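Undergrad: Enclosed is the structure file structure_34.pdb (PDB, C-alpha atoms and all ligand atoms).
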```
ATOM      1  CA  MET R   1     195.317  91.106 119.632  1.00  0.00           C
ATOM      2  CA  LEU R   2     196.389  94.004 121.866  1.00  0.00           C
ATOM      3  CA  LYS R   3     192.797  95.160 122.058  1.00  0.00           C
ATOM      4  CA  THR R   4     191.647  91.756 123.320  1.00  0.00           C
ATOM      5  CA  GLU R   5     194.420  91.760 125.888  1.00  0.00           C
ATOM      6  CA  SER R   6     193.443  95.139 127.267  1.00  0.00           C
ATOM      7  CA  MET R   7     189.806  94.033 127.297  1.00  0.00           C
ATOM      8  CA  ILE R   8     190.699  90.980 129.373  1.00  0.00           C
ATOM      9  CA  HIS R   9     192.801  93.214 131.583  1.00  0.00           C
ATOM     10  CA  SER R  10     190.006  95.719 132.206  1.00  0.00           C
ATOM     11  CA  THR R  11     187.489  92.907 132.799  1.00  0.00           C
ATOM     12  CA  MET R  12     189.828  91.465 135.407  1.00  0.00           C
ATOM     13  CA  ILE R  13     190.193  94.842 137.103  1.00  0.00           C
ATOM     14  CA  ALA R  14     186.420  95.385 137.022  1.00  0.00           C
ATOM     15  CA  GLY R  15     185.906  91.916 138.513  1.00  0.00           C
ATOM     16  CA  PHE R  16     188.371  92.625 141.281  1.00  0.00           C
ATOM     17  CA  ARG R  17     186.762  96.000 142.028  1.00  0.00           C
ATOM     18  CA  LYS R  18     183.340  94.342 142.220  1.00  0.00           C
ATOM     19  CA  TRP R  19     184.661  91.702 144.614  1.00  0.00           C
ATOM     20  CA  TRP R  20     186.461  94.325 146.686  1.00  0.00           C
ATOM     21  CA  ASN R  21     183.413  96.624 146.934  1.00  0.00           C
ATOM     22  CA  ARG R  22     181.146  93.725 147.764  1.00  0.00           C
ATOM     23  CA  LYS R  23     183.007  92.842 150.946  1.00  0.00           C
ATOM     24  CA  ARG R  24     184.019  96.268 152.115  1.00  0.00           C
ATOM     25  CA  GLU R  25     184.745  96.860 155.754  1.00  0.00           C
ATOM     26  CA  LEU R  26     182.567  99.751 156.912  1.00  0.00           C
ATOM     27  CA  ARG R  27     183.970 100.334 160.387  1.00  0.00           C
ATOM     28  CA  ARG R  28     184.497  98.667 163.704  1.00  0.00           C
ATOM     29  CA  VAL R  29     182.055  98.809 166.599  1.00  0.00           C
ATOM     30  CA  HIS R  30     183.250  97.612 170.015  1.00  0.00           C
ATOM     31  CA  GLY R  31     186.265  96.141 168.205  1.00  0.00           C
ATOM     32  CA  ILE R  32     184.131  94.013 165.845  1.00  0.00           C
ATOM     33  CA  ARG R  33     184.443  94.446 162.074  1.00  0.00           C
ATOM     34  CA  ILE R  34     181.320  95.538 160.190  1.00  0.00           C
ATOM     35  CA  VAL R  35     181.295  94.318 156.604  1.00  0.00           C
ATOM     36  CA  HIS R  36     178.859  95.165 153.787  1.00  0.00           C
ATOM     37  CA  ASP R  37     177.988  92.179 151.611  1.00  0.00           C
ATOM     38  CA  PRO R  38     175.087  92.813 149.174  1.00  0.00           C
ATOM     39  CA  LEU R  39     174.784  89.059 148.598  1.00  0.00           C
ATOM     40  CA  SER R  40     174.177  88.235 152.260  1.00  0.00           C
ATOM     41  CA  ALA R  41     170.718  86.731 152.794  1.00  0.00           C
ATOM     42  CA  THR R  42     169.947  88.583 156.010  1.00  0.00           C
ATOM     43  CA  LEU R  43     169.736  92.285 156.805  1.00  0.00           C
ATOM     44  CA  SER R  44     172.384  91.851 159.494  1.00  0.00           C
ATOM     45  CA  ASP R  45     174.050  88.895 161.153  1.00  0.00           C
ATOM     46  CA  SER R  46     177.141  88.029 163.130  1.00  0.00           C
ATOM     47  CA  ARG R  47     179.584  85.339 162.048  1.00  0.00           C
ATOM     48  CA  GLY R  48     182.762  83.681 163.162  1.00  0.00           C
ATOM     49  CA  LEU R  49     184.097  82.511 166.464  1.00  0.00           C
ATOM     50  CA  TRP R  50     186.384  84.463 168.747  1.00  0.00           C
ATOM     51  CA  PRO R  51     188.639  86.231 167.742  1.00  0.00           C
ATOM     52  CA  PHE R  52     187.468  86.210 164.122  1.00  0.00           C
ATOM     53  CA  LYS R  53     184.036  87.710 164.655  1.00  0.00           C
ATOM     54  CA  LYS R  54     182.451  90.042 162.173  1.00  0.00           C
ATOM     55  CA  ILE R  55     179.064  91.587 161.549  1.00  0.00           C
ATOM     56  CA  VAL R  56     177.737  91.382 157.987  1.00  0.00           C
ATOM     57  CA  VAL R  57     175.031  93.697 156.618  1.00  0.00           C
ATOM     58  CA  ASN R  58     173.314  93.642 153.216  1.00  0.00           C
ATOM     59  CA  ASP R  59     171.716  96.448 151.163  1.00  0.00           C
ATOM     60  CA  HIS R  60     168.445  96.383 153.145  1.00  0.00           C
ATOM     61  CA  PHE R  61     170.372  97.539 156.218  1.00  0.00           C
ATOM     62  CA  PHE R  62     170.969 100.946 154.607  1.00  0.00           C
ATOM     63  CA  ARG R  63     167.223 101.497 154.181  1.00  0.00           C
ATOM     64  CA  LEU R  64     166.826 101.651 157.956  1.00  0.00           C
ATOM     65  CA  ALA R  65     166.935 105.016 159.721  1.00  0.00           C
ATOM     66  CA  PRO R  66     170.409 105.658 161.235  1.00  0.00           C
ATOM     67  CA  PRO R  67     169.303 105.054 164.873  1.00  0.00           C
ATOM     68  CA  GLU R  68     167.672 101.784 163.723  1.00  0.00           C
ATOM     69  CA  GLN R  69     170.952 100.808 162.019  1.00  0.00           C
ATOM     70  CA  ALA R  70     172.765 101.441 165.303  1.00  0.00           C
ATOM     71  CA  ALA R  71     170.163  99.323 167.135  1.00  0.00           C
ATOM     72  CA  PHE R  72     170.669  96.402 164.700  1.00  0.00           C
ATOM     73  CA  ILE R  73     174.454  96.655 164.998  1.00  0.00           C
ATOM     74  CA  LEU R  74     174.184  96.666 168.803  1.00  0.00           C
ATOM     75  CA  HIS R  75     171.939  93.583 168.602  1.00  0.00           C
ATOM     76  CA  GLU R  76     174.708  91.802 166.633  1.00  0.00           C
ATOM     77  CA  VAL R  77     177.392  93.123 169.010  1.00  0.00           C
ATOM     78  CA  GLY R  78     175.274  91.575 171.781  1.00  0.00           C
ATOM     79  CA  HIS R  79     175.438  88.176 170.032  1.00  0.00           C
ATOM     80  CA  CYS R  80     179.241  88.498 169.851  1.00  0.00           C
ATOM     81  CA  LYS R  81     179.848  89.818 173.372  1.00  0.00           C
ATOM     82  CA  LEU R  82     177.538  87.231 174.955  1.00  0.00           C
ATOM     83  CA  PHE R  83     179.335  84.388 173.069  1.00  0.00           C
ATOM     84  CA  HIS R  84     176.093  83.187 171.513  1.00  0.00           C
ATOM     85  CA  LEU R  85     177.670  81.397 168.567  1.00  0.00           C
ATOM     86  CA  GLU R  86     180.169  79.619 170.817  1.00  0.00           C
ATOM     87  CA  LYS R  87     177.308  78.483 173.065  1.00  0.00           C
ATOM     88  CA  ARG R  88     175.426  77.177 170.017  1.00  0.00           C
ATOM     89  CA  VAL R  89     178.499  75.211 168.914  1.00  0.00           C
ATOM     90  CA  LEU R  90     178.853  73.731 172.417  1.00  0.00           C
ATOM     91  CA  ALA R  91     175.160  72.808 172.422  1.00  0.00           C
ATOM     92  CA  LEU R  92     175.349  71.121 168.991  1.00  0.00           C
ATOM     93  CA  PRO R  93     175.675  67.550 170.363  1.00  0.00           C
ATOM     94  CA  LEU R  94     172.292  68.070 172.016  1.00  0.00           C
ATOM     95  CA  LEU R  95     170.812  68.250 168.533  1.00  0.00           C
ATOM     96  CA  PHE R  96     170.730  64.446 168.571  1.00  0.00           C
ATOM     97  CA  VAL R  97     169.227  64.100 172.044  1.00  0.00           C
ATOM     98  CA  ARG R  98     167.010  67.128 172.506  1.00  0.00           C
ATOM     99  CA  PRO R  99     166.633  69.102 169.256  1.00  0.00           C
ATOM    100  CA  SER R 100     164.030  71.384 170.830  1.00  0.00           C
ATOM    101  CA  TYR R 101     166.640  72.625 173.326  1.00  0.00           C
ATOM    102  CA  LEU R 102     168.758  74.103 170.526  1.00  0.00           C
ATOM    103  CA  ASN R 103     165.718  75.880 169.035  1.00  0.00           C
ATOM    104  CA  ARG R 104     164.874  77.369 172.393  1.00  0.00           C
ATOM    105  CA  LEU R 105     168.486  78.389 172.975  1.00  0.00           C
ATOM    106  CA  CYS R 106     168.602  80.248 169.639  1.00  0.00           C
ATOM    107  CA  ILE R 107     165.282  81.984 170.270  1.00  0.00           C
ATOM    108  CA  GLU R 108     166.340  82.984 173.792  1.00  0.00           C
ATOM    109  CA  GLN R 109     169.621  84.357 172.417  1.00  0.00           C
ATOM    110  CA  GLU R 110     167.711  86.610 170.004  1.00  0.00           C
ATOM    111  CA  HIS R 111     165.822  88.115 172.944  1.00  0.00           C
ATOM    112  CA  GLU R 112     169.103  88.482 174.876  1.00  0.00           C
ATOM    113  CA  ALA R 113     170.723  90.323 171.945  1.00  0.00           C
ATOM    114  CA  ASP R 114     167.645  92.591 171.712  1.00  0.00           C
ATOM    115  CA  ALA R 115     167.988  93.279 175.449  1.00  0.00           C
ATOM    116  CA  TYR R 116     171.680  94.118 174.935  1.00  0.00           C
ATOM    117  CA  ALA R 117     170.743  96.843 172.414  1.00  0.00           C
ATOM    118  CA  ALA R 118     167.850  97.978 174.625  1.00  0.00           C
ATOM    119  CA  ALA R 119     170.159  98.333 177.650  1.00  0.00           C
ATOM    120  CA  GLN R 120     172.014 100.993 175.665  1.00  0.00           C
ATOM    121  CA  GLY R 121     168.828 102.905 174.933  1.00  0.00           C
ATOM    122  CA  PHE R 122     168.111 101.489 171.465  1.00  0.00           C
ATOM    123  CA  GLY R 123     165.039  99.379 172.337  1.00  0.00           C
ATOM    124  CA  PRO R 124     162.540 101.848 170.805  1.00  0.00           C
ATOM    125  CA  TYR R 125     164.453 101.785 167.499  1.00  0.00           C
ATOM    126  CA  LEU R 126     164.384  97.978 167.379  1.00  0.00           C
ATOM    127  CA  VAL R 127     160.627  98.150 168.017  1.00  0.00           C
ATOM    128  CA  SER R 128     160.099 100.726 165.245  1.00  0.00           C
ATOM    129  CA  ALA R 129     162.089  98.638 162.733  1.00  0.00           C
ATOM    130  CA  PHE R 130     160.505  95.307 163.787  1.00  0.00           C
ATOM    131  CA  SER R 131     157.004  96.750 163.479  1.00  0.00           C
ATOM    132  CA  ARG R 132     157.603  97.305 159.740  1.00  0.00           C
ATOM    133  CA  MET R 133     159.055  93.835 159.165  1.00  0.00           C
ATOM    134  CA  LYS R 134     157.476  90.472 158.626  1.00  0.00           C
ATOM    135  CA  MET R 135     159.034  87.030 158.587  1.00  0.00           C
ATOM    136  CA  ASP R 136     158.903  84.940 155.470  1.00  0.00           C
ATOM    137  CA  GLY R 137     157.671  81.585 156.669  1.00  0.00           C
ATOM    138  CA  GLU R 138     158.289  79.827 159.937  1.00  0.00           C
ATOM    139  CA  ASN R 139     161.744  80.211 161.427  1.00  0.00           C
ATOM    140  CA  LEU R 140     162.871  77.765 164.113  1.00  0.00           C
ATOM    141  CA  LEU R 141     165.902  79.829 165.081  1.00  0.00           C
ATOM    142  CA  HIS R 142     164.284  83.274 165.369  1.00  0.00           C
ATOM    143  CA  PRO R 143     161.348  84.447 167.474  1.00  0.00           C
ATOM    144  CA  ASP R 144     158.677  86.282 165.458  1.00  0.00           C
ATOM    145  CA  PHE R 145     158.799  90.067 165.432  1.00  0.00           C
ATOM    146  CA  LYS R 146     155.581  90.321 167.456  1.00  0.00           C
ATOM    147  CA  SER R 147     157.058  88.473 170.441  1.00  0.00           C
ATOM    148  CA  ARG R 148     160.336  90.434 170.165  1.00  0.00           C
ATOM    149  CA  ILE R 149     158.381  93.705 170.297  1.00  0.00           C
ATOM    150  CA  GLU R 150     156.358  92.404 173.278  1.00  0.00           C
ATOM    151  CA  ARG R 151     159.518  91.440 175.198  1.00  0.00           C
ATOM    152  CA  LEU R 152     161.175  94.798 174.485  1.00  0.00           C
ATOM    153  CA  ARG R 153     158.083  96.745 175.570  1.00  0.00           C
ATOM    154  CA  LEU R 154     157.786  94.657 178.733  1.00  0.00           C
ATOM    155  CA  ALA R 155     161.434  95.351 179.634  1.00  0.00           C
ATOM    156  CA  GLN R 156     161.031  99.069 179.016  1.00  0.00           C
ATOM    157  CA  GLY R 157     157.961  99.192 181.235  1.00  0.00           C
ATOM    158  CA  ALA R 158     159.872  97.524 184.068  1.00  0.00           C
TER     159      ALA R 158
HETATM  160 ZN    ZN S   1     170.122  88.064 166.199  1.00  0.00          ZN
END
```
Starting from the file, lay out its structure as structure tokens.
Ligand SMILES: [Zn+2]
TA:
Amino acid sequence: MLKTESMIHSTMIAGFRKWWNRKRELRRVHGIRIVHDPLSATLSDSRGLWPFKKIVVNDHFFRLAPPEQAAFILHEVGHCKLFHLEKRVLALPLLFVRPSYLNRLCIEQEHEADAYAAAQGFGPYLVSAFSRMKMDGENLLHPDFKSRIERLRLAQGA
């Protein structure tokens, strides 16, 4: 009886530890929380509206070289600082009138967030990471890596 109780107890503790480790805050960058969630579907993304913004990274993020990690974080910081999510929410009603506008807005915001990281000198690291990546299937909300690399190279040449 006691043994079962302590087993339940230790399972509960293990479960809590797992949950706690899964959503661990890594640090803050520019005041925004960075959280590691192994179950997140994307390498890095930004969530939440002001003032509850956070950047979530999954395990793949840690396979990037440190300067590439910084570049990806700065890309997400760009999304937050440029109020991209808020602008998407405001543009939502247009989904019924001009759905293509929302697609273009999202794609343009990806380039803007890339430019934000590039403005701080991290463009080459985005390019190096993007050149090893490929998209799985068509994505209406993200430009393909080839056009992101092209835009970054064009901006650096200017
Ligand atoms: Zn993005």
Undergrad: For Leu102 (chain R), find every residue with an atom within 9 Å (counting only C-alpha atoms), except residues of its own chain fewer than 3 positions away, and show them as a ChimeraX atom specification.
TA: /R:88,91-92,94-95,98-99,105-107,141
Undergrad: Can you list what the PyMOL selection byres (((not hetatm)) within 10 of (chain S and resi 1)) grabs from this structure, as a PyMOL selection string?
TA: chain R and resi 44-46+72-80+84+106-114+141-143
Undergrad: Could you state the separation of CA of Ile8 (chain R) and CA of Leu39 (chain R) in Å, given to one decimal place?
TA: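 These two atoms are separated by 25.0 Å.
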Undergrad: Pull the neighbourhood of (184.6, 99.1, 169.3) for me: all residues within 12 Å in file coordinates, counting all atoms listed in the file, as a ChimeraX atom specification.
TA: /R:27-34,54,73-74,77,80-81
Undergrad: Interatomic distance between CA of Ser128 (chain R) and CA of Leu152 (chain R)?
TA: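 Spanning CA of Ser128 (chain R) to CA of Leu152 (chain R) is a straight-line distance of 11.0 Å.
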Undergrad: Could you check which of R:Ala129, R:Ala119, R:Val35, R:Met12 is closest to Gln69 (chain R), using all atoms listed in the file?
TA: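 Smallest separation from Gln69 (chain R) among the options: R:Ala129.
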Undergrad: Looking at only C-alpha atoms, which of R:Pro38, R:Pro51, R:Gly121, R:Gly15 is the one that sits closest to Phe83 (chain R)?
TA: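 Using only C-alpha atoms, Phe83 (chain R) sits closest to R:Pro51.
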Undergrad: When you draw a straight line from CA of Leu82 (chain R) to CA of Lys53 (chain R), how long is it in Å?
TA: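 Interatomic distance here is 12.2 Å.
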Undergrad: Can you pull out the residues contacting Ile149 (chain R)? Cut-off 8 Å, using all atoms listed in the file, and skip same-chain residues under 5 positions away; I want them as JSON, numbers by chain.
TA: {"R": [126, 127, 130, 131]}
